[in-house]
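Engineer: Sharing structure_31.cif here; it has mmCIF, C-alpha atoms.
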data_start
#
loop_
_atom_site.group_PDB
_atom_site.id
_atom_site.type_symbol
_atom_site.label_atom_id
_atom_site.label_comp_id
_atom_site.auth_asym_id
_atom_site.auth_seq_id
_atom_site.Cartn_x
_atom_site.Cartn_y
_atom_site.Cartn_z
ATOM 1 C CA MET A 281 17.791 -41.772 14.351
ATOM 2 C CA ALA A 282 19.084 -40.005 11.257
ATOM 3 C CA TRP A 283 15.590 -39.073 10.108
ATOM 4 C CA LEU A 284 14.900 -37.460 13.491
ATOM 5 C CA ILE A 285 17.941 -35.247 13.028
ATOM 6 C CA VAL A 286 16.751 -34.329 9.519
ATOM 7 C CA LEU A 287 13.300 -33.437 10.847
ATOM 8 C CA PHE A 288 14.848 -31.327 13.601
ATOM 9 C CA VAL A 289 17.002 -29.433 11.087
ATOM 10 C CA ILE A 290 14.021 -28.838 8.794
ATOM 11 C CA ALA A 291 11.921 -27.579 11.709
ATOM 12 C CA ALA A 292 14.712 -25.230 12.783
ATOM 13 C CA LEU A 293 15.078 -23.853 9.257
ATOM 14 C CA LEU A 294 11.332 -23.334 8.911
ATOM 15 C CA THR A 295 11.263 -21.428 12.171
ATOM 16 C CA LEU A 296 14.233 -19.320 11.077
ATOM 17 C CA PHE A 297 12.755 -18.373 7.712
ATOM 18 C CA GLN A 298 9.087 -18.292 8.692
ATOM 19 C CA SER A 299 8.933 -14.529 9.186
ATOM 20 C CA LYS A 300 10.771 -13.901 5.912
ATOM 21 C CA ILE A 301 8.467 -16.216 3.999
ATOM 22 C CA ARG A 302 5.390 -14.703 5.632
ATOM 23 C CA GLY A 303 6.576 -11.185 4.778
ATOM 24 C CA PHE A 304 7.317 -12.156 1.185
ATOM 25 C CA ILE A 305 3.865 -13.709 0.739
ATOM 26 C CA GLY A 306 2.202 -10.662 2.289
ATOM 27 C CA GLU A 307 3.970 -8.261 -0.061
ATOM 28 C CA LYS A 308 3.067 -10.395 -3.091
ATOM 29 C CA LYS A 309 -0.602 -10.415 -2.086
ATOM 30 C CA THR A 310 -0.557 -6.636 -1.743
ATOM 31 C CA SER A 311 1.195 -6.243 -5.103
ATOM 32 C CA LEU A 312 -1.523 -8.326 -6.730
ATOM 33 C CA SER A 313 -4.257 -6.211 -5.156
ATOM 34 C CA LEU A 314 -2.608 -2.975 -6.320
ATOM 35 C CA ALA A 315 -2.312 -4.332 -9.859
ATOM 36 C CA PHE A 316 -6.096 -3.987 -10.221
ATOM 37 C CA LEU A 317 -5.934 -0.196 -9.803
ATOM 38 C CA ASN A 318 -6.332 1.898 -12.951
ATOM 39 C CA SER A 319 -2.800 2.038 -14.369
ATOM 40 C CA GLY A 320 -3.589 5.344 -16.076
ATOM 41 C CA GLU A 321 -4.280 6.944 -12.694
ATOM 42 C CA TYR A 322 -1.991 5.115 -10.310
ATOM 43 C CA LYS A 323 1.721 4.425 -10.824
ATOM 44 C CA ILE A 324 2.973 1.581 -8.639
ATOM 45 C CA ILE A 325 6.418 0.615 -7.380
ATOM 46 C CA ASN A 326 6.726 -2.530 -5.269
ATOM 47 C CA ASN A 327 9.666 -3.168 -2.946
ATOM 48 C CA LEU A 328 11.260 0.250 -3.285
ATOM 49 C CA LEU A 329 14.812 0.497 -1.919
ATOM 50 C CA LEU A 330 16.305 3.987 -1.738
ATOM 51 C CA TYR A 331 19.472 5.586 -0.404
ATOM 52 C CA ILE A 332 18.424 8.748 1.450
ATOM 53 C CA ASP A 333 20.381 10.832 3.971
ATOM 54 C CA GLU A 334 23.217 8.289 4.077
ATOM 55 C CA LYS A 335 20.992 5.315 4.836
ATOM 56 C CA THR A 336 18.950 2.786 2.904
ATOM 57 C CA VAL A 337 15.163 2.923 3.169
ATOM 58 C CA GLN A 338 12.980 -0.011 2.115
ATOM 59 C CA ILE A 339 9.305 0.667 1.398
ATOM 60 C CA ASP A 340 6.961 -2.226 0.619
ATOM 61 C CA HIS A 341 4.787 -0.367 -1.893
ATOM 62 C CA VAL A 342 4.485 3.173 -3.241
ATOM 63 C CA VAL A 343 1.545 4.364 -5.332
ATOM 64 C CA VAL A 344 1.983 7.725 -7.068
ATOM 65 C CA SER A 345 -1.186 9.514 -8.155
ATOM 66 C CA ARG A 346 -2.579 13.001 -8.745
ATOM 67 C CA TYR A 347 -4.190 12.643 -5.314
ATOM 68 C CA GLY A 348 -0.919 12.086 -3.480
ATOM 69 C CA VAL A 349 1.809 9.530 -2.913
ATOM 70 C CA PHE A 350 0.608 6.485 -0.970
ATOM 71 C CA ILE A 351 3.249 4.822 1.204
ATOM 72 C CA ILE A 352 2.116 1.321 2.094
ATOM 73 C CA GLU A 353 3.542 -0.878 4.828
ATOM 74 C CA THR A 354 2.431 -4.520 4.611
ATOM 75 C CA LYS A 355 2.104 -6.875 7.576
ATOM 76 C CA ASN A 356 1.137 -10.541 7.291
ATOM 77 C CA TYR A 357 -0.385 -11.399 10.683
ATOM 78 C CA SER A 358 -3.337 -13.415 11.901
ATOM 79 C CA GLY A 359 -5.225 -13.270 15.188
ATOM 80 C CA LEU A 360 -6.250 -10.236 17.182
ATOM 81 C CA ILE A 361 -4.079 -7.118 16.758
ATOM 82 C CA ILE A 362 -4.275 -4.442 19.456
ATOM 83 C CA GLY A 363 -2.450 -1.116 19.538
ATOM 84 C CA SER A 364 -2.528 2.596 18.825
ATOM 85 C CA ASP A 365 -0.403 4.930 16.748
ATOM 86 C CA LYS A 366 1.120 6.269 19.986
ATOM 87 C CA ASP A 367 2.360 2.874 21.221
ATOM 88 C CA THR A 368 5.923 1.728 20.616
ATOM 89 C CA HIS A 369 4.798 -1.884 20.194
ATOM 90 C CA TRP A 370 1.557 -3.591 19.264
ATOM 91 C CA THR A 371 0.320 -6.965 20.506
ATOM 92 C CA GLN A 372 -0.767 -9.987 18.479
ATOM 93 C CA PHE A 373 -3.025 -12.488 20.259
ATOM 94 C CA LEU A 374 -3.152 -16.052 18.913
ATOM 95 C CA GLY A 375 -5.379 -17.985 21.285
ATOM 96 C CA ARG A 376 -3.672 -17.808 24.668
ATOM 97 C CA ARG A 377 -0.358 -16.772 23.175
ATOM 98 C CA LYS A 378 0.624 -13.171 22.615
ATOM 99 C CA TYR A 379 3.493 -11.554 20.753
ATOM 100 C CA LYS A 380 4.859 -8.034 20.601
ATOM 101 C CA PHE A 381 5.939 -6.351 17.370
ATOM 102 C CA TYR A 382 7.118 -2.862 16.501
ATOM 103 C CA ASN A 383 4.359 -0.358 15.747
ATOM 104 C CA PRO A 384 4.021 -0.391 11.909
ATOM 105 C CA VAL A 385 2.555 3.136 11.899
ATOM 106 C CA ARG A 386 5.760 4.414 13.475
ATOM 107 C CA GLN A 387 7.765 2.300 11.059
ATOM 108 C CA ASN A 388 5.934 3.822 8.115
ATOM 109 C CA HIS A 389 6.304 7.314 9.566
ATOM 110 C CA GLY A 390 10.056 6.901 9.112
ATOM 111 C CA HIS A 391 9.439 6.158 5.430
ATOM 112 C CA VAL A 392 7.304 9.285 5.118
ATOM 113 C CA LYS A 393 10.054 11.438 6.630
ATOM 114 C CA SER A 394 12.661 9.958 4.300
ATOM 115 C CA LEU A 395 10.585 10.547 1.170
ATOM 116 C CA ASN A 396 9.725 14.060 2.304
ATOM 117 C CA SER A 397 13.455 14.762 2.685
ATOM 118 C CA LEU A 398 14.152 13.369 -0.786
ATOM 119 C CA PHE A 399 11.389 15.334 -2.495
ATOM 120 C CA SER A 400 12.329 18.567 -0.725
ATOM 121 C CA ARG A 401 15.937 18.290 -1.897
ATOM 122 C CA LEU A 402 14.720 17.797 -5.469
ATOM 123 C CA GLY A 403 12.483 20.865 -5.381
ATOM 124 C CA PHE A 404 9.138 19.138 -4.830
ATOM 125 C CA GLU A 405 7.767 21.010 -1.836
ATOM 126 C CA ASN A 406 4.715 19.910 0.139
ATOM 127 C CA VAL A 407 4.120 16.643 -1.700
ATOM 128 C CA ARG A 408 1.064 14.992 -0.193
ATOM 129 C CA LEU A 409 2.323 11.781 1.443
ATOM 130 C CA LEU A 410 -0.363 9.310 2.500
ATOM 131 C CA PRO A 411 0.804 6.450 4.747
ATOM 132 C CA ILE A 412 -1.255 3.263 4.955
ATOM 133 C CA VAL A 413 -0.671 0.092 6.983
ATOM 134 C CA VAL A 414 -2.326 -2.992 5.508
ATOM 135 C CA PHE A 415 -2.687 -6.406 7.186
ATOM 136 C CA VAL A 416 -2.956 -9.221 4.661
ATOM 137 C CA GLY A 417 -3.411 -12.153 7.048
ATOM 138 C CA ASP A 418 -6.588 -13.253 8.776
ATOM 139 C CA ALA A 419 -6.308 -10.510 11.378
ATOM 140 C CA LYS A 420 -8.938 -8.783 13.496
ATOM 141 C CA LEU A 421 -7.833 -5.201 14.073
ATOM 142 C CA LYS A 422 -8.511 -3.251 17.262
ATOM 143 C CA VAL A 423 -6.271 -0.293 16.502
ATOM 144 C CA GLU A 424 -6.618 3.411 17.250
ATOM 145 C CA SER A 425 -4.792 5.405 14.620
ATOM 146 C CA ASP A 426 -5.140 8.583 12.568
ATOM 147 C CA VAL A 427 -3.267 6.714 9.814
ATOM 148 C CA PRO A 428 -5.405 4.119 7.987
ATOM 149 C CA VAL A 429 -4.719 0.641 9.417
ATOM 150 C CA ILE A 430 -6.748 -1.722 7.261
ATOM 151 C CA THR A 431 -7.120 -5.233 5.891
ATOM 152 C CA LEU A 432 -6.191 -6.127 2.334
ATOM 153 C CA ASP A 433 -9.778 -6.156 1.063
ATOM 154 C CA GLN A 434 -10.055 -2.482 2.078
ATOM 155 C CA LEU A 435 -6.891 -1.331 0.317
ATOM 156 C CA SER A 436 -8.224 -0.411 -3.138
ATOM 157 C CA SER A 437 -11.267 1.432 -1.783
ATOM 158 C CA THR A 438 -9.111 3.310 0.728
ATOM 159 C CA ILE A 439 -6.776 4.515 -2.017
ATOM 160 C CA ARG A 440 -9.653 5.446 -4.326
ATOM 161 C CA SER A 441 -11.386 7.381 -1.538
ATOM 162 C CA TYR A 442 -8.859 10.189 -2.044
ATOM 163 C CA GLN A 443 -10.273 12.182 -4.962
ATOM 164 C CA ASP A 444 -9.027 15.744 -4.467
ATOM 165 C CA GLU A 445 -6.246 16.404 -6.962
ATOM 166 C CA VAL A 446 -3.082 17.897 -5.470
ATOM 167 C CA MET A 447 -0.715 17.608 -8.432
ATOM 168 C CA SER A 448 -0.797 17.556 -12.220
ATOM 169 C CA GLU A 449 -0.256 14.457 -14.327
ATOM 170 C CA SER A 450 3.171 15.743 -15.379
ATOM 171 C CA THR A 451 4.245 16.244 -11.747
ATOM 172 C CA ARG A 452 2.941 12.783 -10.863
ATOM 173 C CA ASP A 453 4.918 11.254 -13.719
ATOM 174 C CA LYS A 454 8.090 13.135 -12.735
ATOM 175 C CA ILE A 455 7.848 11.919 -9.134
ATOM 176 C CA PHE A 456 7.203 8.360 -10.298
ATOM 177 C CA GLN A 457 10.219 8.472 -12.618
ATOM 178 C CA ILE A 458 12.447 9.874 -9.861
ATOM 179 C CA LEU A 459 11.536 7.007 -7.543
ATOM 180 C CA LYS A 460 11.852 4.437 -10.294
ATOM 181 C CA ASP A 461 15.311 5.699 -11.296
ATOM 182 C CA ALA A 462 16.457 5.896 -7.658
ATOM 183 C CA ASN A 463 15.297 2.354 -6.846
ATOM 184 C CA ILE A 464 18.372 0.350 -5.870
ATOM 185 C CA LYS A 465 18.745 -3.073 -7.390
ATOM 186 C CA GLY A 466 21.244 -5.643 -6.266
ATOM 187 C CA TYR A 467 21.588 -8.442 -3.738
ATOM 188 C CA LYS A 468 24.511 -6.889 -1.862
ATOM 189 C CA VAL A 469 22.747 -3.613 -1.064
ATOM 190 C CA ALA A 470 19.538 -5.416 -0.107
ATOM 191 C CA ARG A 471 21.487 -7.732 2.211
ATOM 192 C CA GLU A 472 23.180 -4.760 3.897
ATOM 193 C CA HIS A 473 19.782 -3.122 4.388
ATOM 194 C CA VAL A 474 18.369 -6.250 6.060
ATOM 195 C CA LYS A 475 21.417 -6.395 8.342
ATOM 196 C CA ARG A 476 20.946 -2.751 9.340
ATOM 197 C CA VAL A 477 17.231 -3.276 10.091
ATOM 198 C CA LYS A 478 18.036 -6.255 12.320
ATOM 199 C CA GLU A 479 20.573 -4.168 14.253
ATOM 200 C CA LEU A 480 18.004 -1.389 14.744
ATOM 201 C CA LYS A 481 15.379 -3.867 15.973
ATOM 202 C CA LYS A 482 17.900 -5.333 18.414
ATOM 203 C CA ASN A 483 18.686 -1.864 19.795
ATOM 204 C CA LYS A 484 14.982 -1.129 20.214
#
Would it be possible to restate this file's structure as structure tokens?

Structural biologist:
Amino acid sequence: MAWLIVLFVIAALLTLFQSKIRGFIGEKKTSLSLAFLNSGEYKIINNLLLYIDEKTVQIDHVVVSRYGVFIIETKNYSGLIIGSDKDTHWTQFLGRRKYKFYNPVRQNHGHVKSLNSLFSRLGFENVRLLPIVVFVGDAKLKVESDVPVITLDQLSSTIRSYQDEVMSESTRDKIFQILKDANIKGYKVAREHVKRVKELKKNK
């Protein structure tokens, strides 16, 4: 009887932490893919946590280059994904089961607005911000979006497809250093951010 209780507790814990574990794995896979970009051209920050306009903003990955600042939202999902950039929620189909999740393009749009506000206050006007949503799981995407919504194997080529220079190397390095210096470290702040995100999701 005792072992049944132990199994039940383990199953409950796995269910509770499954989404966190899946998200962590997805971000690590994306970080590894980005690491193969030319480090002389592309400056990468993973898991960027900023305090902007009296709120914390967590961005999975930011790539700063002369071609713009790429803002990457990572999702680790399998199955068929259906949605458009105009929808509030997208749908994941796993066999006969389906699940709703918040539109990641909209989610990333909030990150774009926050960074635009930060750069404007610091005197960097009209920085080219390039949002990307990348799915790292075994997902089939049927998505209509002006923002690139891609799989992980398309990430590097999508970033490298932007070749028109919009800033100098010195400006790129200044922006990278600003973000790096502003990146918040610390368990307490990160925990408060997670709590705030959960409250927002509940309200939505």

Engineer: Could you list the residues chosen by the PyMOL selection byres ((chain A and resi 391-395) around 8) in this structure as a list in words?

Structural biologist: Ile332, Asp333, Val337, Gln338, Ile339, Ile351, Gln387, Asn388, His389, Gly390, Asn396, Ser397, Leu398, Phe399, Leu409 and Pro411 of chain A

Engineer: Could you take the residues named above and write them with C-alpha atoms, as a PDB file, in the coordinates of the input?

Structural biologist:
ATOM      1  CA  ILE A 332      18.424   8.748   1.450  1.00  0.00           C
ATOM      2  CA  ASP A 333      20.381  10.832   3.971  1.00  0.00           C
ATOM      3  CA  VAL A 337      15.163   2.923   3.169  1.00  0.00           C
ATOM      4  CA  GLN A 338      12.980  -0.011   2.115  1.00  0.00           C
ATOM      5  CA  ILE A 339       9.305   0.667   1.398  1.00  0.00           C
ATOM      6  CA  ILE A 351       3.249   4.822   1.204  1.00  0.00           C
ATOM      7  CA  GLN A 387       7.765   2.300  11.059  1.00  0.00           C
ATOM      8  CA  ASN A 388       5.934   3.822   8.115  1.00  0.00           C
ATOM      9  CA  HIS A 389       6.304   7.314   9.566  1.00  0.00           C
ATOM     10  CA  GLY A 390      10.056   6.901   9.112  1.00  0.00           C
ATOM     11  CA  ASN A 396       9.725  14.060   2.304  1.00  0.00           C
ATOM     12  CA  SER A 397      13.455  14.762   2.685  1.00  0.00           C
ATOM     13  CA  LEU A 398      14.152  13.369  -0.786  1.00  0.00           C
ATOM     14  CA  PHE A 399      11.389  15.334  -2.495  1.00  0.00           C
ATOM     15  CA  LEU A 409       2.323  11.781   1.443  1.00  0.00           C
ATOM     16  CA  PRO A 411       0.804   6.450   4.747  1.00  0.00           C
TER      17      PRO A 411
END

Engineer: Choose the residue, out of A:Val385, A:Ile352, A:Leu374, A:Ala462, that has the smallest atom-to-atom separation from Glu424 in chain A; count all atoms listed in the file.

Structural biologist: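 Smallest separation from Glu424 in chain A among the options: A:Val385.
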
Engineer: When the PyMOL selection byres ((chain A and resi 427) around 9) is applied to the structure above, which residues does it catch, written out as a PDB file with C-alpha atoms, keeping the file's coordinate frame?

Structural biologist:
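Full text of part_20.pdb as output:
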ATOM      1  CA  ASP A 365      -0.403   4.930  16.748  1.00  0.00           C
ATOM      2  CA  VAL A 385       2.555   3.136  11.899  1.00  0.00           C
ATOM      3  CA  LEU A 410      -0.363   9.310   2.500  1.00  0.00           C
ATOM      4  CA  PRO A 411       0.804   6.450   4.747  1.00  0.00           C
ATOM      5  CA  ILE A 412      -1.255   3.263   4.955  1.00  0.00           C
ATOM      6  CA  VAL A 413      -0.671   0.092   6.983  1.00  0.00           C
ATOM      7  CA  GLU A 424      -6.618   3.411  17.250  1.00  0.00           C
ATOM      8  CA  SER A 425      -4.792   5.405  14.620  1.00  0.00           C
ATOM      9  CA  ASP A 426      -5.140   8.583  12.568  1.00  0.00           C
ATOM     10  CA  PRO A 428      -5.405   4.119   7.987  1.00  0.00           C
ATOM     11  CA  VAL A 429      -4.719   0.641   9.417  1.00  0.00           C
TER      12      VAL A 429
END

Engineer: Could you check which of A:Glu321, A:Asn326, A:Val423, A:Ile430 is closest to His369 in chain A, using all atoms listed in the file?

Structural biologist: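 Ranked by minimum distance to His369 in chain A, first place goes to A:Val423.
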
Engineer: What would the selection look like, as a short mmCIF file (atom, residue, chain, number, x, y, z; two decimals) with C-alpha atoms, in the coordinates of the input, if the PyMOL selection byres ((chain A and resi 455) around 10) were run on the coordinates I just shared?

Structural biologist:
data_model
loop_
_atom_site.label_atom_id
_atom_site.label_comp_id
_atom_site.auth_asym_id
_atom_site.auth_seq_id
_atom_site.Cartn_x
_atom_site.Cartn_y
_atom_site.Cartn_z
CA LYS A 323 1.72 4.42 -10.82
CA VAL A 344 1.98 7.72 -7.07
CA SER A 345 -1.19 9.51 -8.15
CA VAL A 349 1.81 9.53 -2.91
CA PHE A 399 11.39 15.33 -2.50
CA LEU A 402 14.72 17.80 -5.47
CA PHE A 404 9.14 19.14 -4.83
CA VAL A 407 4.12 16.64 -1.70
CA GLU A 449 -0.26 14.46 -14.33
CA SER A 450 3.17 15.74 -15.38
CA THR A 451 4.24 16.24 -11.75
CA ARG A 452 2.94 12.78 -10.86
CA ASP A 453 4.92 11.25 -13.72
CA LYS A 454 8.09 13.14 -12.74
CA PHE A 456 7.20 8.36 -10.30
CA GLN A 457 10.22 8.47 -12.62
CA ILE A 458 12.45 9.87 -9.86
CA LEU A 459 11.54 7.01 -7.54
CA LYS A 460 11.85 4.44 -10.29
CA ASP A 461 15.31 5.70 -11.30
#

Engineer: List the residues sitting within 7 Å of (-4.5, -16.8, 10.1) in the file's frame, using all atoms listed in the file, as number ranges by chain.

Structural biologist: A: 357-359, 417-419

Engineer: Now that the selection is made, can you save its residues with C-alpha atoms as a PDB file, in the coordinates of the input?

Structural biologist:
ATOM      1  CA  TYR A 357      -0.385 -11.399  10.683  1.00  0.00           C
ATOM      2  CA  SER A 358      -3.337 -13.415  11.901  1.00  0.00           C
ATOM      3  CA  GLY A 359      -5.225 -13.270  15.188  1.00  0.00           C
ATOM      4  CA  GLY A 417      -3.411 -12.153   7.048  1.00  0.00           C
ATOM      5  CA  ASP A 418      -6.588 -13.253   8.776  1.00  0.00           C
ATOM      6  CA  ALA A 419      -6.308 -10.510  11.378  1.00  0.00           C
TER       7      ALA A 419
END

Engineer: Which residue, A:Arg401, A:Arg408, A:Lys355, A:Lys309, has the smallest gap to Pro384 in chain A when you use only C-alpha atoms?

Structural biologist: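 Looking only at the distances to Pro384 in chain A, the closest residue turns out to be A:Lys355.
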
Engineer: Taking all atoms listed in the file into account, name the residue in A:Thr336, A:Ser400, A:Ser313, A:Thr368 that is nearest to Leu432 in chain A.

Structural biologist: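 Closest candidate: A:Ser313.
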
Engineer: Which of these residues is nearest to Thr431 in chain A, using only C-alpha atoms: A:Trp370, A:Leu330, A:Asn463, A:Val416?

Structural biologist: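 With only C-alpha atoms as the atom set, the closest residue is A:Val416.
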
Engineer: What does the distance between CA of Tyr347 in chain A and CA of Ser437 in chain A come to in Å, to one decimal place?

Structural biologist: 13.7 Å

Engineer: Calculate how many Å separate CA of Tyr379 in chain A from CA of Ile361 in chain A, rounding to one decimal.

Structural biologist: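 These two atoms are separated by 9.6 Å.
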
Engineer: What is the CA of Phe415 in chain A-CA of Gln372 in chain A distance in Å, reported with one decimal?

Structural biologist: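 About the pair CA of Phe415 in chain A and CA of Gln372 in chain A: they are 12.0 Å apart.
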
Engineer: Could you write range 306-333 of chain A as a CSV table (one decimal), in the coordinates of the input, with N, CA and C atoms rebuilt where they are missing?

Structural biologist:
chain,number,residue,atom,x,y,z
A,306,GLY,N,3.0,-11.8,2.0
A,306,GLY,CA,2.2,-10.7,2.3
A,306,GLY,C,2.4,-9.6,1.3
A,307,GLU,N,3.7,-9.3,0.9
A,307,GLU,CA,4.0,-8.3,-0.1
A,307,GLU,C,3.5,-8.7,-1.4
A,308,LYS,N,3.6,-9.9,-1.8
A,308,LYS,CA,3.1,-10.4,-3.1
A,308,LYS,C,1.5,-10.3,-3.2
A,309,LYS,N,0.8,-10.6,-2.1
A,309,LYS,CA,-0.6,-10.4,-2.1
A,309,LYS,C,-1.0,-9.0,-2.3
A,310,THR,N,-0.3,-8.1,-1.6
A,310,THR,CA,-0.6,-6.6,-1.7
A,310,THR,C,-0.3,-6.1,-3.2
A,311,SER,N,0.8,-6.6,-3.7
A,311,SER,CA,1.2,-6.2,-5.1
A,311,SER,C,0.1,-6.6,-6.1
A,312,LEU,N,-0.5,-7.8,-5.9
A,312,LEU,CA,-1.5,-8.3,-6.7
A,312,LEU,C,-2.8,-7.5,-6.6
A,313,SER,N,-3.1,-7.1,-5.4
A,313,SER,CA,-4.3,-6.2,-5.2
A,313,SER,C,-4.1,-4.9,-5.8
A,314,LEU,N,-2.9,-4.3,-5.7
A,314,LEU,CA,-2.6,-3.0,-6.3
A,314,LEU,C,-2.6,-3.0,-7.8
A,315,ALA,N,-2.3,-4.2,-8.4
A,315,ALA,CA,-2.3,-4.3,-9.9
A,315,ALA,C,-3.7,-4.1,-10.5
A,316,PHE,N,-4.8,-4.2,-9.7
A,316,PHE,CA,-6.1,-4.0,-10.2
A,316,PHE,C,-6.5,-2.5,-10.2
A,317,LEU,N,-5.7,-1.6,-9.7
A,317,LEU,CA,-5.9,-0.2,-9.8
A,317,LEU,C,-5.8,0.3,-11.3
A,318,ASN,N,-6.4,1.3,-11.6
A,318,ASN,CA,-6.3,1.9,-13.0
A,318,ASN,C,-4.9,2.4,-13.2
A,319,SER,N,-4.2,1.7,-14.1
A,319,SER,CA,-2.8,2.0,-14.4
A,319,SER,C,-2.6,3.4,-15.0
A,320,GLY,N,-3.7,4.0,-15.5
A,320,GLY,CA,-3.6,5.3,-16.1
A,320,GLY,C,-3.6,6.4,-15.0
A,321,GLU,N,-4.2,6.0,-13.8
A,321,GLU,CA,-4.3,6.9,-12.7
A,321,GLU,C,-3.2,6.7,-11.6
A,322,TYR,N,-2.9,5.5,-11.4
A,322,TYR,CA,-2.0,5.1,-10.3
A,322,TYR,C,-0.7,4.4,-10.8
A,323,LYS,N,0.4,5.0,-10.4
A,323,LYS,CA,1.7,4.4,-10.8
A,323,LYS,C,2.3,3.7,-9.6
A,324,ILE,N,2.6,2.4,-9.8
A,324,ILE,CA,3.0,1.6,-8.6
A,324,ILE,C,4.4,1.1,-8.7
A,325,ILE,N,5.1,1.2,-7.5
A,325,ILE,CA,6.4,0.6,-7.4
A,325,ILE,C,6.4,-0.3,-6.2
A,326,ASN,N,6.7,-1.6,-6.4
A,326,ASN,CA,6.7,-2.5,-5.3
A,326,ASN,C,8.2,-2.8,-4.8
A,327,ASN,N,8.3,-2.9,-3.5
A,327,ASN,CA,9.7,-3.2,-2.9
A,327,ASN,C,10.7,-2.1,-3.4
A,328,LEU,N,10.4,-0.9,-2.9
A,328,LEU,CA,11.3,0.2,-3.3
A,328,LEU,C,12.4,0.4,-2.3
A,329,LEU,N,13.6,0.4,-2.8
A,329,LEU,CA,14.8,0.5,-1.9
A,329,LEU,C,15.6,1.7,-2.3
A,330,LEU,N,15.7,2.7,-1.4
A,330,LEU,CA,16.3,4.0,-1.7
A,330,LEU,C,17.5,4.3,-0.8
A,331,TYR,N,18.4,5.1,-1.3
A,331,TYR,CA,19.5,5.6,-0.4
A,331,TYR,C,19.2,7.1,-0.1
A,332,ILE,N,18.8,7.4,1.1
A,332,ILE,CA,18.4,8.7,1.4
A,332,ILE,C,19.1,9.1,2.8
A,333,ASP,N,19.7,10.3,2.8
A,333,ASP,CA,20.4,10.8,4.0
A,333,ASP,C,21.4,9.8,4.6
